[in-house]
Every structure is written in C-alpha cells, then in structure tokens.
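Pasted below: protein-v7.txt, compact mmCIF, C-alpha atoms.
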```
# COMPACT_ATOMS: atom_id res chain seq x y z
CA MET A 1 103.00 19.94 156.40
CA ALA A 2 99.93 20.59 154.39
CA ASP A 3 99.47 23.97 156.16
CA GLU A 4 103.06 25.09 155.36
CA LYS A 5 102.61 24.38 151.65
CA GLU A 6 99.39 26.31 151.56
CA GLY A 7 100.92 29.40 153.26
CA GLU A 8 103.94 29.64 150.88
CA LYS A 9 103.81 32.53 148.39
CA LYS A 10 104.18 31.84 144.71
CA ARG A 11 107.39 33.37 143.44
CA ARG A 12 108.73 33.99 140.00
CA PRO A 13 112.24 32.83 139.08
CA LYS A 14 114.99 34.90 140.73
CA GLY A 15 116.72 37.76 138.90
CA GLY A 16 113.77 39.75 137.64
CA ILE A 17 113.26 40.65 134.03
CA LYS A 18 116.18 40.32 131.66
CA HIS A 19 117.61 43.71 130.51
CA THR A 20 116.58 44.20 126.92
CA PRO A 21 117.59 47.69 125.75
CA GLY A 22 115.14 49.44 123.44
CA ARG A 23 112.25 47.39 124.69
CA GLY A 24 109.39 48.66 126.85
CA HIS A 25 108.61 51.77 124.81
CA ASP A 26 107.45 52.76 121.37
CA ALA A 27 107.44 55.89 119.23
CA LYS A 28 104.52 57.35 121.17
CA SER A 29 105.77 56.61 124.68
CA ARG A 30 106.68 59.38 127.15
CA LEU A 31 110.41 58.70 127.27
CA SER A 32 111.03 58.63 123.57
CA LYS A 33 108.94 61.77 123.10
CA GLN A 34 110.85 63.59 125.83
CA LYS A 35 114.13 62.68 124.23
CA ARG A 36 112.94 63.83 120.80
CA PHE A 37 111.49 67.12 122.07
CA ARG A 38 114.62 67.87 124.09
CA LYS A 39 116.78 67.43 121.00
CA LYS A 40 114.47 69.64 118.93
CA ALA A 41 114.38 72.41 121.55
CA ALA A 42 118.15 72.35 121.93
CA LYS A 43 118.57 72.66 118.16
CA LYS A 44 116.18 75.63 118.09
CA ARG A 45 117.95 77.32 120.99
CA ARG A 46 121.33 76.81 119.37
CA SER A 47 120.21 78.25 116.01
CA LYS A 48 118.68 81.29 117.76
CA LEU A 49 121.91 81.95 119.63
CA ASP A 50 123.91 81.52 116.41
CA ASP A 51 121.62 84.01 114.68
CA ILE A 52 122.06 86.63 117.42
CA THR A 53 125.83 86.11 117.36
CA ARG A 54 125.83 86.55 113.58
CA GLN A 55 123.81 89.76 113.89
CA TRP A 56 126.30 91.14 116.43
CA ASP A 57 129.26 90.17 114.23
CA GLU A 58 127.67 91.96 111.29
CA TRP A 59 126.92 95.05 113.38
CA GLU A 60 130.45 95.23 114.76
CA SER A 61 131.96 94.86 111.29
CA LEU A 62 130.25 98.10 110.18
CA PRO A 63 132.19 101.38 110.41
CA PRO A 64 130.87 104.02 112.88
CA GLU A 65 129.40 106.22 110.15
CA VAL A 66 127.35 103.37 108.75
CA GLN A 67 126.25 102.48 112.29
CA LYS A 68 125.05 106.07 112.68
CA LEU A 69 123.08 105.86 109.45
CA ARG A 70 121.56 102.49 110.36
CA PRO A 71 120.97 102.38 114.14
CA ASP A 72 117.94 100.19 113.45
CA LYS A 73 120.32 97.42 112.35
CA ARG A 74 121.75 97.07 115.87
CA PRO A 75 120.68 93.64 117.24
CA LYS A 76 117.75 93.83 119.60
CA LEU A 77 118.92 91.09 121.94
CA PRO A 78 122.21 91.15 123.90
CA ARG A 79 125.17 89.16 122.63
CA PRO A 80 125.09 85.61 124.07
CA LYS A 81 127.66 85.24 126.86
CA HIS A 82 128.35 81.51 126.77
CA GLU A 83 128.77 80.55 123.19
CA SER A 84 129.54 76.97 122.33
CA MET B 1 90.89 90.53 100.73
CA LYS B 2 91.47 92.74 103.75
CA VAL B 3 95.08 92.84 104.95
CA LYS B 4 95.41 92.11 108.67
CA SER B 5 96.88 94.75 110.92
CA PRO B 6 100.31 94.06 112.45
CA PRO B 7 99.95 92.38 115.86
CA ILE B 8 99.60 94.70 118.85
CA ARG B 9 102.69 94.76 121.05
CA TYR B 10 103.39 96.22 124.47
CA LYS B 11 106.98 95.13 125.12
CA PHE B 12 109.97 96.31 123.12
CA ALA B 13 113.66 95.46 123.21
CA ASN B 14 114.75 99.07 122.63
CA GLU B 15 113.48 102.34 121.18
CA TRP B 16 114.31 101.33 117.59
CA ASP B 17 112.25 98.17 118.07
CA GLU B 18 109.31 100.32 119.20
CA LEU B 19 109.87 102.77 116.32
CA GLU B 20 109.76 99.89 113.84
CA TYR B 21 106.50 98.64 115.35
CA LEU B 22 104.90 102.12 115.27
CA TYR B 23 106.13 102.65 111.70
CA HIS B 24 104.40 99.48 110.49
CA GLN B 25 101.21 100.33 112.35
CA LEU B 26 101.24 103.84 110.88
CA LEU B 27 101.77 102.51 107.35
CA TYR B 28 98.90 100.06 107.79
CA TRP B 29 96.42 102.64 109.09
CA LEU B 30 97.49 105.41 106.72
CA TYR B 31 97.77 103.50 103.44
CA GLU B 32 95.97 100.15 103.84
CA ARG B 33 92.96 101.35 105.83
CA GLU B 34 93.17 105.07 104.98
CA ASP B 35 92.06 105.87 108.52
CA ALA B 36 93.78 109.17 109.28
CA SER B 37 92.56 109.47 112.87
CA LYS B 38 93.92 106.05 113.86
CA ALA B 39 97.14 106.72 111.95
CA ARG B 40 97.53 110.02 113.81
CA ARG B 41 97.61 108.14 117.14
CA TYR B 42 100.68 106.20 116.00
CA ALA B 43 102.17 109.34 114.46
CA ASP B 44 101.92 111.06 117.86
CA ARG B 45 103.73 108.20 119.56
CA LEU B 46 106.41 108.24 116.86
CA GLU B 47 106.82 111.98 117.26
CA GLN B 48 107.42 111.55 120.98
CA LEU B 49 110.04 108.83 120.51
CA LEU B 50 111.99 110.19 117.55
CA PRO B 51 113.78 113.15 119.21
CA ASN B 52 115.39 110.73 121.70
CA ALA B 53 116.19 108.00 119.19
CA ASP B 54 117.60 110.21 116.45
CA PRO B 55 118.32 113.70 117.78
CA ASP B 56 120.75 114.67 114.97
CA HIS B 57 118.57 113.44 112.06
CA GLN B 58 121.41 111.16 110.97
CA ALA B 59 119.50 107.89 110.75
CA ILE B 60 117.85 106.88 107.46
CA PHE B 61 114.95 105.11 109.15
CA GLY B 62 114.47 108.01 111.56
CA GLU B 63 114.07 110.43 108.66
CA GLU B 64 111.57 108.13 106.98
CA CYS B 65 109.54 108.07 110.20
CA TRP B 66 109.66 111.89 110.46
CA SER B 67 108.43 112.19 106.89
CA LEU B 68 105.52 109.84 107.59
CA VAL B 69 104.64 111.68 110.80
CA TYR B 70 104.40 115.01 108.97
CA GLU B 71 102.56 113.44 106.04
CA THR B 72 99.95 112.07 108.47
CA LYS B 73 99.59 115.47 110.10
CA GLY B 74 99.23 117.18 106.73
CA ASN B 75 102.46 119.17 106.92
CA LEU B 76 103.66 118.31 103.42
CA ARG B 77 106.47 120.87 103.36
CA LYS B 78 108.18 119.16 106.32
CA ALA B 79 107.34 115.69 104.99
CA ILE B 80 109.16 116.61 101.76
CA LYS B 81 112.13 118.00 103.69
CA HIS B 82 112.60 114.76 105.68
CA ARG B 83 112.02 112.51 102.65
CA LYS B 84 114.71 114.47 100.79
CA ASN B 85 117.07 114.08 103.73
CA GLU B 86 116.36 110.35 103.81
CA ILE B 87 117.28 110.07 100.13
CA ARG B 88 120.46 112.08 100.73
CA LEU B 89 121.43 109.72 103.57
CA ILE B 90 120.76 106.61 101.45
CA ARG B 91 123.04 108.05 98.76
CA ARG B 92 125.69 108.71 101.41
CA LEU B 93 125.35 105.10 102.60
CA HIS B 94 125.85 103.88 99.04
CA ASP B 95 128.96 106.06 98.66
CA ILE B 96 130.50 104.79 101.89
CA SER B 97 129.78 101.13 101.30
CA ARG B 98 130.73 100.93 97.63
CA ASN B 99 133.22 98.00 97.20
CA ALA B 100 133.34 97.53 100.98
CA PRO B 101 133.04 94.00 102.46
CA TYR B 102 129.67 94.90 103.97
CA GLU B 103 128.22 96.26 100.70
CA ASP B 104 125.87 93.29 100.21
CA LEU B 105 124.63 93.58 103.76
CA ILE B 106 123.81 97.27 103.30
CA LEU B 107 122.25 96.93 99.85
CA ARG B 108 119.96 94.22 101.20
CA ASP B 109 117.83 96.86 102.96
CA TYR B 110 118.70 100.03 101.10
CA GLY B 111 119.43 98.96 97.56
CA TYR B 112 118.82 100.88 94.35
CA ASP B 113 115.22 99.63 94.19
CA ASP B 114 114.61 101.08 97.65
CA LEU B 115 116.18 104.37 96.58
CA SER B 116 113.90 104.44 93.53
CA ASP B 117 110.92 103.74 95.83
CA ARG B 118 111.84 106.70 98.04
CA LEU B 119 112.14 108.95 94.97
CA ASP B 120 108.65 107.88 93.88
CA LEU B 121 107.30 108.65 97.35
CA LEU B 122 108.95 112.08 97.23
CA ALA B 123 107.33 112.69 93.85
CA VAL B 124 103.92 111.83 95.33
CA LEU B 125 104.52 114.34 98.14
CA TYR B 126 105.46 116.99 95.58
CA GLN B 127 102.31 116.17 93.63
CA LYS B 128 100.13 116.47 96.76
CA ASN B 129 101.81 119.79 97.55
CA GLY B 130 101.10 121.10 94.03
CA GLN B 131 104.81 121.17 93.03
CA LEU B 132 104.24 119.26 89.81
CA ASP B 133 107.49 120.21 88.07
CA GLN B 134 109.61 118.99 91.00
CA GLY B 135 107.51 115.83 91.12
CA MET B 136 108.11 115.18 87.44
CA ASP B 137 111.88 115.80 87.78
CA THR B 138 112.05 113.40 90.74
CA LEU B 139 110.23 110.68 88.82
CA ILE B 140 112.48 111.15 85.81
CA GLU B 141 115.47 110.77 88.15
CA SER B 142 113.92 107.58 89.58
CA LYS B 143 113.34 106.19 86.08
CA ARG B 144 116.95 106.94 85.09
CA LEU B 145 118.20 105.20 88.24
CA CYS B 146 116.12 102.13 87.40
CA GLN B 147 117.46 102.06 83.84
CA GLU B 148 121.07 102.37 85.06
CA HIS B 149 120.72 99.43 87.46
CA GLY B 150 118.33 97.24 85.46
CA ILE B 151 115.42 97.58 87.89
CA LYS B 152 111.74 97.76 87.03
CA PHE B 153 110.41 101.32 87.30
CA ASP B 154 107.35 101.36 89.56
CA GLY B 155 106.43 105.03 89.23
CA ALA B 156 104.98 104.94 85.70
CA ASP B 157 101.41 105.46 86.94
CA ILE B 158 102.44 108.39 89.17
CA LEU B 159 104.33 109.94 86.26
CA ARG B 160 101.22 109.68 84.08
CA GLU B 161 99.11 111.27 86.86
CA ILE B 162 101.54 114.15 87.32
CA GLN B 163 101.73 114.75 83.55
CA HIS B 164 97.93 114.77 83.43
CA ASP B 165 97.76 117.17 86.41
CA SER B 166 100.35 119.53 84.94
CA VAL B 167 98.52 119.66 81.57
CA HIS B 168 95.29 120.51 83.44
CA ALA B 169 97.05 123.10 85.58
CA LYS B 170 98.51 124.76 82.45
CA MET B 171 95.12 124.74 80.72
CA ASN B 172 93.49 126.25 83.80
CA SER B 173 96.13 128.96 84.11
CA GLN B 174 95.77 129.75 80.37
CA SER B 175 91.99 129.97 80.63
CA ASN B 176 92.31 132.08 83.79
CA SER B 177 94.75 134.46 82.12
CA HIS B 178 92.46 134.58 79.08
CA ALA B 179 89.51 135.38 81.37
CA ARG B 180 91.63 138.01 83.14
CA MET B 181 92.58 139.51 79.78
CA THR B 182 88.97 139.63 78.60
CA ARG B 183 87.89 141.14 81.93
CA ARG B 184 90.66 143.74 81.68
CA SER B 185 89.79 144.65 78.08
CA ALA B 186 86.11 144.83 79.02
CA SER B 187 86.85 147.20 81.89
CA THR B 188 89.05 149.43 79.69
CA LYS B 189 86.32 149.49 77.07
CA PHE B 190 83.82 150.36 79.83
CA ARG B 191 86.08 153.21 81.00
CA GLU B 192 86.46 154.44 77.41
CA VAL B 193 82.71 154.41 77.00
CA ILE B 194 82.29 156.41 80.22
```
Turn the structure described in the file into structure tokens.
Amino acid sequence: MADEKEGEKKRRPKGGIKHTPGRGHDAKSRLSKQKRFRKKAAKKRRSKLDDITRQWDEWESLPPEVQKLRPDKRPKLPRPKHES
Amino acid sequence: MKVKSPPIRYKFANEWDELEYLYHQLLYWLYEREDASKARRYADRLEQLLPNADPDHQAIFGEECWSLVYETKGNLRKAIKHRKNEIRLIRRLHDISRNAPYEDLILRDYGYDDLSDRLDLLAVLYQKNGQLDQGMDTLIESKRLCQEHGIKFDGADILREIQHDSVHAKMNSQSNSHARMTRRSASTKFREVI
C-alpha cells in the first residue's frame, strides 16, 4: 500500500485552466501587436488603393485634348482590379 | 544650408515617371549646384527619352524638359522656342478647361502663378540671349497677369536687372557710335589734310 501511494503522480484538478478571454497577454505581447499591425497595414493598403483609383477616375474624366497636354498626369500604377 | 539632391532611382513605372525624375535631377544640378557637366549628363538622358515620350511636342511638361535640355547645352535660341511653346500650351489648357468640372484639377499644377513663373523664365532666357526688349515685354506681360489674378509678382528683380542691362547697352552703343563718329571725322580731316 505504501508503495502505491508513493508511485502516484500529483495531479491538478480536472478541466484545466478556466477560459478567461482577454487574459494572458498585454499591450506588448506578440498577439496583440500582430493584430494591431495587421489592422494598420490593411488601412494603409486600402488608402493606397483608393488613391490610385481616384487618380484613374480623375484621368478618365479629362477630355482627350487635355490628356494630350498633360500625359504626365496619367497614373503611374495600374488601376486596381479588385476594389472593395 | 546645402539642399540635398533628389534620391537616385533605377526603376521607373513609365517613361513620364523617368522624365520627371531626370527633370528634377537636372534642375538640382543646373540651378542648385550650378554644375553644368553633371547637369549635362541628365540633359543627355532627357534628350534620348523625349522624342519617344512626346514626338509631336504637344505635352506641356515635355516642352519644359526640351527647353531645359537646350538651356543646359547652351542653345538659347531653341530653349526660348520650347519655353514659348510651353507657355502657348498652358494658355491653351486654360482656354479648354475654363468653367469645366476639371478646372480646379488642372489649375492645381498649371495655374496663373505657374504661367507667370514660365514667363519670368522666358524673360531670363531672352536676357541671357541679349534680347533685352523681348525680355522686358515678357516681364511686363507677367506682371500684368499677376495683377489681373491677384498674385504676387516674382520677377521684380529680373525686371530691374534687364532695365539696368538695357540702359548699359544703350550707353555703350551711344559711346560706340560717338567713337565711330569721331574716328570718321578724324579720318576725313586726315584725308583733307593729305
């Protein structure tokens, strides 16, 4: 009997750690940073695409003679294909 | 403080992108650094690109580049010709876009202040080429344009310089003609004596 008791592993209560959302990380942790950076990059990408689209809209609104006088105004990047 | 040169680039989206880059480099080396040999390198590259980009001389920016190329190479007659064409095209652009929905968009880059700037630059070219009267007329036109549209006239110093130069030129020509007259009268007197 004494041997059995000695060999038994010490266990914690069943069920693991209770799910507590928002816990386990802080403002400097990897996950929260990733989330923040992803949001920031997406915002930047979206504004860049919007800017290119605006430039194309402006260019296409100009009559051909004005386009001939101002070929430098033609947007340098192609028009985005999948606009949101 | 020394102004930094525009960053060196090797990749361009299209030929107009490359032209813009070369234009800024040329301006920097020609006017900021006053290094004609370095500016000439960019002028050569511009000269190679321009015939493809603007074969009909219909683009305002293309004409400005041509004018700068010839100014760098010392061909003032051609620089004046292209600067004049640029001004003509800006005026045409103003005529087309007057009261049009895109007027604001167009005037953002080529407004009346830009037109006045180009007139001042043309006057400087005339001055360098010794055409002082044309230079003066161009500056007067620029000043009138500024007054009409309530813009500050930037060419006052050039106007003063040209006036000063023309007064000197007149004085020189008068003294030369006076010297010629005295030489002529001296030679006739000499002949009479003989």
Per-residue nearest contacts of chain A to chain B (10 Å; all atoms listed in the file) as JSON lines:
```
{"residue": "A:Glu58", "atom": "CA", "partner": "B:Tyr102", "partner_atom": "CA", "distance": 8.1}
{"residue": "A:Trp59", "atom": "CA", "partner": "B:Tyr102", "partner_atom": "CA", "distance": 9.8}
{"residue": "A:Ser61", "atom": "CA", "partner": "B:Tyr102", "partner_atom": "CA", "distance": 7.7}
{"residue": "A:Leu62", "atom": "CA", "partner": "B:Tyr102", "partner_atom": "CA", "distance": 7.0}
{"residue": "A:Pro63", "atom": "CA", "partner": "B:Ile96", "partner_atom": "CA", "distance": 9.3}
{"residue": "A:Glu65", "atom": "CA", "partner": "B:Ile96", "partner_atom": "CA", "distance": 8.5}
{"residue": "A:Val66", "atom": "CA", "partner": "B:Leu93", "partner_atom": "CA", "distance": 6.7}
{"residue": "A:Gln67", "atom": "CA", "partner": "B:Ala59", "partner_atom": "CA", "distance": 8.8}
{"residue": "A:Lys68", "atom": "CA", "partner": "B:Ala59", "partner_atom": "CA", "distance": 6.2}
{"residue": "A:Leu69", "atom": "CA", "partner": "B:Ala59", "partner_atom": "CA", "distance": 4.3}
{"residue": "A:Arg70", "atom": "CA", "partner": "B:Ala59", "partner_atom": "CA", "distance": 5.8}
{"residue": "A:Pro71", "atom": "CA", "partner": "B:Ala59", "partner_atom": "CA", "distance": 6.6}
{"residue": "A:Asp72", "atom": "CA", "partner": "B:Trp16", "partner_atom": "CA", "distance": 5.6}
{"residue": "A:Lys73", "atom": "CA", "partner": "B:Trp16", "partner_atom": "CA", "distance": 8.9}
{"residue": "A:Arg74", "atom": "CA", "partner": "B:Trp16", "partner_atom": "CA", "distance": 8.7}
{"residue": "A:Pro75", "atom": "CA", "partner": "B:Ala13", "partner_atom": "CA", "distance": 9.4}
{"residue": "A:Lys76", "atom": "CA", "partner": "B:Ala13", "partner_atom": "CA", "distance": 5.7}
{"residue": "A:Leu77", "atom": "CA", "partner": "B:Ala13", "partner_atom": "CA", "distance": 7.0}
{"residue": "A:Pro78", "atom": "CA", "partner": "B:Ala13", "partner_atom": "CA", "distance": 9.6}
```
Mind dumping the selected residues with C-alpha atoms as a CSV table (one decimal), keeping the file's coordinate frame?
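Saved result, again-v2.csv, follows:
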```
chain,number,residue,atom,x,y,z
A,58,GLU,CA,127.7,92.0,111.3
A,59,TRP,CA,126.9,95.0,113.4
A,61,SER,CA,132.0,94.9,111.3
A,62,LEU,CA,130.2,98.1,110.2
A,63,PRO,CA,132.2,101.4,110.4
A,65,GLU,CA,129.4,106.2,110.2
A,66,VAL,CA,127.4,103.4,108.8
A,67,GLN,CA,126.2,102.5,112.3
A,68,LYS,CA,125.0,106.1,112.7
A,69,LEU,CA,123.1,105.9,109.4
A,70,ARG,CA,121.6,102.5,110.4
A,71,PRO,CA,121.0,102.4,114.1
A,72,ASP,CA,117.9,100.2,113.4
A,73,LYS,CA,120.3,97.4,112.4
A,74,ARG,CA,121.8,97.1,115.9
A,75,PRO,CA,120.7,93.6,117.2
A,76,LYS,CA,117.8,93.8,119.6
A,77,LEU,CA,118.9,91.1,121.9
A,78,PRO,CA,122.2,91.2,123.9
```
One number please: atom CA of B:Ile162 to atom CA of B:Leu119, in Å, one decimal.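 Interatomic distance, atom CA of B:Ile162 to atom CA of B:Leu119: 14.1 Å.
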In Å, with one decimal, what is the gap from atom CA of B:Trp66 to atom CA of B:Arg91?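 Taking atom CA of B:Trp66 and atom CA of B:Arg91, their separation equals 18.2 Å.
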Residue among B:Lys84, B:Ile140, B:Asn129, B:Ile151 lying closest to B:Asp114, counting all atoms listed in the file: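 Residue with the minimum atom-to-atom distance to B:Asp114: B:Ile151.
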Return as lines of an AutoDock Vina configuration file the box centre and box size in Å, one decimal, for an axis-aligned box around all listed atoms of stretch 100-114 of chain B padded by 6 Å per side.
```
center_x = 124.0
center_y = 97.2
center_z = 99.1
size_x = 30.7
size_y = 19.8
size_z = 21.8
```
Separation of atom CA of B:Gln131 and atom CA of B:Ala156, in Å?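 Atom CA of B:Gln131 sits 17.8 Å away from atom CA of B:Ala156.
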Out of B:Leu76, B:Leu115, B:Ile87, B:Glu161, which residue has the shortest atom-to-atom distance to B:His149 when counting only C-alpha atoms? B:Leu115
